[in-house]
Amino acid sequence: MCDHYREHREDGRPWRLVIAGDFIDLVGMSISATPDDRLQTPLSADDTEHGLGSAEDYAAFKMRAVAARHDPLFRKLAQFVEAGHSLVLIRGNHDVELYWDAAQRAFMDALLTRSSIGPTDGSDAVAQARAAFEGRIEFRHWFYYVDGLLYVEHGHQYDATCAHHHVLA
C-alpha cells in the first residue's frame, strides 16, 4: 500500500496517511531490559518480572525495539514520508505511550534512520531535509480534524470492553 500511494499522487498532491490509534501495542507488549540498558527510571521488581512499564524512557526503549523488529514496515513508512507525503499518528489506548516526547522522538528517529537523509552532519542541507521530513509527521491525541473535510478518532471508548457508563468508575 505505501509503495502504491508513495508513487501515485492524486492530481499531483501528496497523500496524508492517518493512522487511527493502536498502531503499535506498547501497552500490551512485554519487553525486558537489563541493568546494562541505559534507562533513567530504575527497574522495579514488576519491571524485571513482567516487562517494562509506561515510564517515558521505557516507552522510548520499547519503541526502538518495535522499530528494530518491524524494520521493513518502518522502511516503507520512511520512504512514504521522504517522498513528500505526510503521516499522522492518532494516539489510541494501546499506544497511549506516544504521549511521551521521548517515544515520539524514538518513532521519528526510527523513520529518519531508515530514510536516505542520513545522520546530522552539520550541513544546512541535511538539517533542512531532516526538518522537512519531521514536519510531515504529526502525533495527535485521540482524534484528527480537518475543518469541512475529515474527522478521525480512535474510538476505543465505543468498544464495550473499554467503555464505562461512568468514566470515573
# chains A, B, ... in the order shown; residues from 1 in each chain; ligands from 1

call {"tool": "closest_atom_pairs", "arguments": {"of": "region 31-114 of chain A", "to": "region 2-11 of chain A", "cutoff": "12 Å", "atoms": "only C-alpha atoms", "output": "JSON lines"}}
result
{"residue": "A:Pro72", "atom": "CA", "partner": "A:Cys2", "partner_atom": "CA", "distance": 11.4}
{"residue": "A:Leu73", "atom": "CA", "partner": "A:Cys2", "partner_atom": "CA", "distance": 9.2}
{"residue": "A:Phe74", "atom": "CA", "partner": "A:Cys2", "partner_atom": "CA", "distance": 10.7}
{"residue": "A:Arg75", "atom": "CA", "partner": "A:Cys2", "partner_atom": "CA", "distance": 10.1}
{"residue": "A:Lys76", "atom": "CA", "partner": "A:Cys2", "partner_atom": "CA", "distance": 6.3}
{"residue": "A:Leu77", "atom": "CA", "partner": "A:Cys2", "partner_atom": "CA", "distance": 6.9}
{"residue": "A:Ala78", "atom": "CA", "partner": "A:Cys2", "partner_atom": "CA", "distance": 9.8}
{"residue": "A:Gln79", "atom": "CA", "partner": "A:Arg6", "partner_atom": "CA", "distance": 7.6}
{"residue": "A:Phe80", "atom": "CA", "partner": "A:Arg6", "partner_atom": "CA", "distance": 5.2}
{"residue": "A:Val81", "atom": "CA", "partner": "A:Arg6", "partner_atom": "CA", "distance": 8.3}
{"residue": "A:Glu82", "atom": "CA", "partner": "A:Arg6", "partner_atom": "CA", "distance": 9.2}
{"residue": "A:Ala83", "atom": "CA", "partner": "A:Arg6", "partner_atom": "CA", "distance": 6.5}
{"residue": "A:Gly84", "atom": "CA", "partner": "A:Arg6", "partner_atom": "CA", "distance": 8.4}
{"residue": "A:His85", "atom": "CA", "partner": "A:Arg6", "partner_atom": "CA", "distance": 7.2}
{"residue": "A:Ser86", "atom": "CA", "partner": "A:Arg6", "partner_atom": "CA", "distance": 10.2}
{"residue": "A:Leu87", "atom": "CA", "partner": "A:Cys2", "partner_atom": "CA", "distance": 11.1}

call {"tool": "residues_around", "arguments": {"residues": "region 103-109 of chain A", "least_positions_apart": "4", "cutoff": "12 Å", "atoms": "only C-alpha atoms", "output": "PyMOL selection string"}}
result
chain A and resi 23-24+26+54-68+71+74-75+77-78+81+87-91+95-99+113-115+117-120+130-131+133-140

call {"tool": "write_last_selection", "arguments": {"atoms": "C-alpha atoms", "output": "PDB file, in the first residue's frame"}}
result
ATOM      1  CA  PHE A  23      -0.667   1.166  15.558  1.00  0.00           C
ATOM      2  CA  ILE A  24       1.965  -0.075  17.992  1.00  0.00           C
ATOM      3  CA  LEU A  26       3.160  -0.521  23.513  1.00  0.00           C
ATOM      4  CA  SER A  54       4.999   3.033  30.846  1.00  0.00           C
ATOM      5  CA  ALA A  55       7.639   5.484  32.056  1.00  0.00           C
ATOM      6  CA  GLU A  56       8.859   7.882  29.379  1.00  0.00           C
ATOM      7  CA  ASP A  57      12.263   6.238  28.919  1.00  0.00           C
ATOM      8  CA  TYR A  58      10.644   2.782  28.949  1.00  0.00           C
ATOM      9  CA  ALA A  59       8.261   3.855  26.163  1.00  0.00           C
ATOM     10  CA  ALA A  60      11.177   5.090  24.045  1.00  0.00           C
ATOM     11  CA  PHE A  61      13.076   1.837  24.697  1.00  0.00           C
ATOM     12  CA  LYS A  62      10.035  -0.190  23.604  1.00  0.00           C
ATOM     13  CA  MET A  63       9.551   1.979  20.508  1.00  0.00           C
ATOM     14  CA  ARG A  64      13.142   1.353  19.413  1.00  0.00           C
ATOM     15  CA  ALA A  65      12.650  -2.386  19.936  1.00  0.00           C
ATOM     16  CA  VAL A  66       9.464  -2.371  17.845  1.00  0.00           C
ATOM     17  CA  ALA A  67      11.198  -0.476  15.043  1.00  0.00           C
ATOM     18  CA  ALA A  68      14.067  -2.959  15.024  1.00  0.00           C
ATOM     19  CA  ASP A  71      12.202  -2.858  10.144  1.00  0.00           C
ATOM     20  CA  PHE A  74       9.377   1.328   9.236  1.00  0.00           C
ATOM     21  CA  ARG A  75      11.396   1.492   5.998  1.00  0.00           C
ATOM     22  CA  LEU A  77       6.843   4.497   6.170  1.00  0.00           C
ATOM     23  CA  ALA A  78      10.167   6.346   5.921  1.00  0.00           C
ATOM     24  CA  VAL A  81       7.348  10.422   4.219  1.00  0.00           C
ATOM     25  CA  LEU A  87       1.878  10.760   8.345  1.00  0.00           C
ATOM     26  CA  VAL A  88      -0.489  11.420  11.244  1.00  0.00           C
ATOM     27  CA  LEU A  89      -0.496   9.082  14.236  1.00  0.00           C
ATOM     28  CA  ILE A  90      -3.528   9.351  16.469  1.00  0.00           C
ATOM     29  CA  ARG A  91      -2.822   8.047  19.922  1.00  0.00           C
ATOM     30  CA  ASP A  95      -0.208   3.201  22.116  1.00  0.00           C
ATOM     31  CA  VAL A  96      -1.071   5.817  24.724  1.00  0.00           C
ATOM     32  CA  GLU A  97       2.661   5.963  25.492  1.00  0.00           C
ATOM     33  CA  LEU A  98       3.026   8.046  22.316  1.00  0.00           C
ATOM     34  CA  TYR A  99       2.070  10.819  24.722  1.00  0.00           C
ATOM     35  CA  THR A 113      17.492   6.365  10.235  1.00  0.00           C
ATOM     36  CA  ARG A 114      15.643   4.298   7.625  1.00  0.00           C
ATOM     37  CA  SER A 115      15.480   7.204   5.172  1.00  0.00           C
ATOM     38  CA  ILE A 117      18.610  11.625   4.569  1.00  0.00           C
ATOM     39  CA  GLY A 118      21.272  10.295   6.871  1.00  0.00           C
ATOM     40  CA  PRO A 119      22.533  11.473  10.232  1.00  0.00           C
ATOM     41  CA  THR A 120      23.060  15.114  11.073  1.00  0.00           C
ATOM     42  CA  ARG A 130      15.512  16.431   8.363  1.00  0.00           C
ATOM     43  CA  ALA A 131      13.299  19.342   9.449  1.00  0.00           C
ATOM     44  CA  PHE A 133      10.811  15.188   6.983  1.00  0.00           C
ATOM     45  CA  GLU A 134       9.921  15.678  10.655  1.00  0.00           C
ATOM     46  CA  GLY A 135       7.435  18.400   9.701  1.00  0.00           C
ATOM     47  CA  ARG A 136       5.428  15.833   7.747  1.00  0.00           C
ATOM     48  CA  ILE A 137       4.878  13.632  10.811  1.00  0.00           C
ATOM     49  CA  GLU A 138       2.256  14.546  13.413  1.00  0.00           C
ATOM     50  CA  PHE A 139       1.201  12.958  16.672  1.00  0.00           C
ATOM     51  CA  ARG A 140      -2.378  13.632  17.742  1.00  0.00           C
TER      52      ARG A 140
END

call {"tool": "closest_residue", "arguments": {"among": "A:Leu39, A:Ala132, A:Met29, A:Ile19", "to": "Ala102 (chain A)", "atoms": "only C-alpha atoms"}}
result
A:Leu39

call {"tool": "closest_residue", "arguments": {"among": "A:Met1, A:Arg69, A:Glu49, A:Gly92", "to": "Asp25 (chain A)", "atoms": "only C-alpha atoms"}}
result
A:Gly92

call {"tool": "select_by_dssp", "arguments": {"residues": "chain A", "states": "strand (DSSP E)", "output": "NGL selection string"}}
result
:A and (16-19 or 86-91 or 137-141 or 143-146 or 150-153)

call {"tool": "select_by_dssp", "arguments": {"residues": "region 12-128 of chain A", "states": "helix (DSSP H, G or I)", "output": "ChimeraX atom specification"}}
result
/A:45-50,56-69,71-82,96-99,101-113,124-128

call {"tool": "decode", "arguments": {"residues": "region 14-34 of chain A", "atoms": "N, CA and C atoms", "output": "compact mmCIF listing (two decimals), in the first residue's frame"}}
result
# COMPACT_ATOMS: atom_id res chain seq x y z
N PRO A 14 0.38 15.51 -2.50
CA PRO A 14 0.87 14.43 -1.63
C PRO A 14 -0.28 13.85 -0.81
N TRP A 15 -0.09 12.61 -0.39
CA TRP A 15 -1.06 11.92 0.46
C TRP A 15 -0.80 12.22 1.92
N ARG A 16 -1.82 12.08 2.71
CA ARG A 16 -1.71 12.14 4.17
C ARG A 16 -2.28 10.83 4.71
N LEU A 17 -1.42 10.03 5.28
CA LEU A 17 -1.83 8.76 5.88
C LEU A 17 -2.16 9.02 7.34
N VAL A 18 -3.40 8.75 7.73
CA VAL A 18 -3.84 8.94 9.11
C VAL A 18 -4.05 7.57 9.72
N ILE A 19 -3.27 7.28 10.76
CA ILE A 19 -3.38 6.01 11.47
C ILE A 19 -4.15 6.27 12.74
N ALA A 20 -5.31 5.62 12.89
CA ALA A 20 -6.28 5.96 13.93
C ALA A 20 -6.04 5.24 15.26
N GLY A 21 -4.81 5.18 15.70
CA GLY A 21 -4.51 4.64 17.02
C GLY A 21 -4.25 3.14 17.02
N ASP A 22 -3.62 2.69 18.10
CA ASP A 22 -3.28 1.28 18.31
C ASP A 22 -2.38 0.73 17.20
N PHE A 23 -1.59 1.59 16.61
CA PHE A 23 -0.67 1.17 15.56
C PHE A 23 0.43 0.29 16.14
N ILE A 24 0.92 0.67 17.31
CA ILE A 24 1.97 -0.08 17.99
C ILE A 24 1.45 -0.38 19.39
N ASP A 25 1.33 -1.64 19.73
CA ASP A 25 0.75 -2.02 21.01
C ASP A 25 1.79 -1.95 22.12
N LEU A 26 2.16 -0.72 22.47
CA LEU A 26 3.16 -0.52 23.51
C LEU A 26 2.65 -0.97 24.88
N VAL A 27 1.36 -0.81 25.13
CA VAL A 27 0.79 -1.20 26.41
C VAL A 27 0.79 -2.72 26.57
N GLY A 28 0.48 -3.43 25.49
CA GLY A 28 0.35 -4.88 25.57
C GLY A 28 1.65 -5.64 25.43
N MET A 29 2.72 -4.97 25.03
CA MET A 29 3.96 -5.71 24.82
C MET A 29 4.73 -5.90 26.13
N SER A 30 5.39 -7.01 26.20
CA SER A 30 6.22 -7.30 27.36
C SER A 30 7.65 -7.42 26.87
N ILE A 31 8.46 -6.46 27.25
CA ILE A 31 9.86 -6.47 26.86
C ILE A 31 10.68 -6.13 28.09
N SER A 32 11.75 -6.83 28.27
CA SER A 32 12.58 -6.64 29.45
C SER A 32 13.83 -5.85 29.10
N ALA A 33 14.34 -5.20 30.09
CA ALA A 33 15.62 -4.50 29.97
C ALA A 33 16.56 -5.10 31.00
N THR A 34 17.81 -4.90 30.77
CA THR A 34 18.80 -5.36 31.73
C THR A 34 19.37 -4.15 32.46
